[in-house]
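Chemist: The following block contains the structure, expressed as structure tokens.
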Amino acid sequence: MIDLETATTRLYEDPSITEDLIDEEAQLLLGWAAARLPDLIAHAPDELTFDESFGALRQIVKGVNRLIGQQESIDTSLVFPRLIESTTRLALPFGEAQASAYHEAIATLSRLDALRYLIDQLTPKPLTLPSPEDTPDEPETTQTTL
């Protein structure tokens with residue numbers, strides 16, 4: 001079975017997945033991807049399953065790399081379908097709605113802020129359960145005896 005150190009090394013040693021980014025952008029994106037690795041390892045029953053999940057994560061990183069690094073010239077209609085397919089494989093919260101919102105958001109954002117925006121959209125949000133104070137009181141029931 002693969003360990004976290006080996007998986008992290010594999011991720012960081014592949015310069016092709018961040019080749020269009022400057023150092024600060026690449027480190028931010030790789031840090032996000034590395035934070036996904038423990039979950040990938042935990043949910044992979046064998047090395048083949050991990051390799052498939054790792055490949056999807058790698059495709060996500062490469063797609064984000066292209067979206068940010070080639071922002072002015074890229075045809076996003078070629079990138080988003082593959083990005084969405086990979087995020088779906090990893091159950092990450094990115095679909096058509098987020099892709100559409102990205103188009104609107106990048107018009108006013110720097111490359112680094114656009115990257116932060118994409119990372120935020122790709123990051124699963126923790127589930128929050130309502131606190132007891134937020135739940136409505138149960139209506140009182142009365143028993144009727146016949």
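Each chain of the structure tokens is named A, B, ... in the order shown, its residues numbered from 1; ligands are numbered from 1 in display order.
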Just the residues within 7 Å of Lys62 (chain A), please, counting only C-alpha atoms, with nothing from its chain fewer than 4 positions along; format it as a list in words.
Modeler: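 Residues meeting the cut-off are Ile17, Thr18, Arg58 and Arg66 of chain A.
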Chemist: Could you please take those selected residues and save N, CA and C atoms as a PDB file, in the first residue's frame?
Modeler:
ATOM      1  N   ILE A  17       2.805  19.232 -14.086  1.00  0.00           N
ATOM      2  CA  ILE A  17       1.446  19.562 -13.635  1.00  0.00           C
ATOM      3  C   ILE A  17       1.306  21.010 -13.183  1.00  0.00           C
ATOM      4  N   THR A  18       2.434  21.698 -12.995  1.00  0.00           N
ATOM      5  CA  THR A  18       2.372  23.110 -12.606  1.00  0.00           C
ATOM      6  C   THR A  18       3.273  23.969 -13.496  1.00  0.00           C
ATOM      7  N   ARG A  58      -4.181  14.389 -10.106  1.00  0.00           N
ATOM      8  CA  ARG A  58      -3.158  14.951 -10.998  1.00  0.00           C
ATOM      9  C   ARG A  58      -3.812  15.703 -12.158  1.00  0.00           C
ATOM     10  N   ARG A  66      -3.484  24.908 -16.128  1.00  0.00           N
ATOM     11  CA  ARG A  66      -3.769  25.474 -17.449  1.00  0.00           C
ATOM     12  C   ARG A  66      -4.738  26.649 -17.354  1.00  0.00           C
TER      13      ARG A  66
END
Chemist: Using only C-alpha atoms, which residues sit within 10 Å of region 45-51 of chain A once same-chain residues fewer than 6 positions away are excluded, as a PyMOL selection string?
Modeler: chain A and resi 1-2+7+37+57
Chemist: Just write the chosen residues, N, CA and C atoms, as a compact mmCIF listing (two decimals), in the first residue's frame.
Modeler:
# COMPACT_ATOMS: atom_id res chain seq x y z
N MET A 1 0.84 -1.18 0.00
CA MET A 1 0.00 0.00 0.00
C MET A 1 0.88 1.24 0.00
N ILE A 2 0.41 2.27 -0.61
CA ILE A 2 1.19 3.51 -0.72
C ILE A 2 1.13 4.30 0.58
N ALA A 7 3.44 9.26 -1.79
CA ALA A 7 2.44 9.95 -2.61
C ALA A 7 2.77 11.44 -2.75
N LEU A 37 -4.28 14.09 -0.25
CA LEU A 37 -3.67 12.76 -0.29
C LEU A 37 -4.07 11.84 0.87
N LEU A 57 -6.58 13.26 -9.32
CA LEU A 57 -6.06 14.44 -8.62
C LEU A 57 -5.03 15.15 -9.48
Chemist: Rank nothing, just name the residue among A:Ala101, A:Leu40, A:Leu4, A:Leu28 nearest to Val64 (chain A), using only C-alpha atoms.
Modeler: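 When distances to Val64 (chain A) are compared using only C-alpha atoms, the smallest one comes from A:Leu28.
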Chemist: So, counting only C-alpha atoms, which residue among A:Leu118, A:Ala42, A:Leu21, A:Leu83 is closest to Ile106 (chain A)?
Modeler: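 Closest to Ile106 (chain A), using only C-alpha atoms: A:Leu118.
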Chemist: Out of region 16-140 of chain A, which residues get alpha helix (DSSP H) from DSSP, as a PyMOL selection string?
Modeler: chain A and resi 23-42+47-69+76-89+96-106+111-122
Chemist: Restricting the calculation to only C-alpha atoms, which member of A:Ile60, A:Ala33, A:Ile68, A:Leu122 is positioned closest to Pro81 (chain A)?
Modeler: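 Closest to Pro81 (chain A), using only C-alpha atoms: A:Ile60.
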Chemist: A:Trp32, A:Phe94, A:Phe80, A:Tyr12: which is nearest Leu67 (chain A), counting only C-alpha atoms?
Modeler: A:Phe80
Chemist: May I ask for the distance between CA of Asp20 (chain A) and CA of Gly69 (chain A), given in Å to one decimal place?
Modeler: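 We find that CA of Asp20 (chain A) and CA of Gly69 (chain A) lie 4.5 Å from each other.
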Chemist: Between A:Ala97, A:Leu11, A:Val61, A:Glu24, which one has atoms that come closest to Arg82 (chain A), using only C-alpha atoms?
Modeler: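 Smallest distance to Arg82 (chain A) is found for A:Val61.
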Chemist: Near Gln71 (chain A), within 12 Å and counting only C-alpha atoms, which residues show up once chain neighbours fewer than 6 positions away are dropped, as an NGL selection string?
Modeler: :A and (20-21 or 63-65 or 79 or 102-103 or 106-107 or 109-112 or 114-115)
Chemist: In terms of the shortest atom-to-atom distance over only C-alpha atoms, which of A:Ser86, A:Asp23, A:Ala99, A:Gly31 is closest to Thr8 (chain A)?
Modeler: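 That would be A:Gly31, the residue with the smallest distance to Thr8 (chain A).
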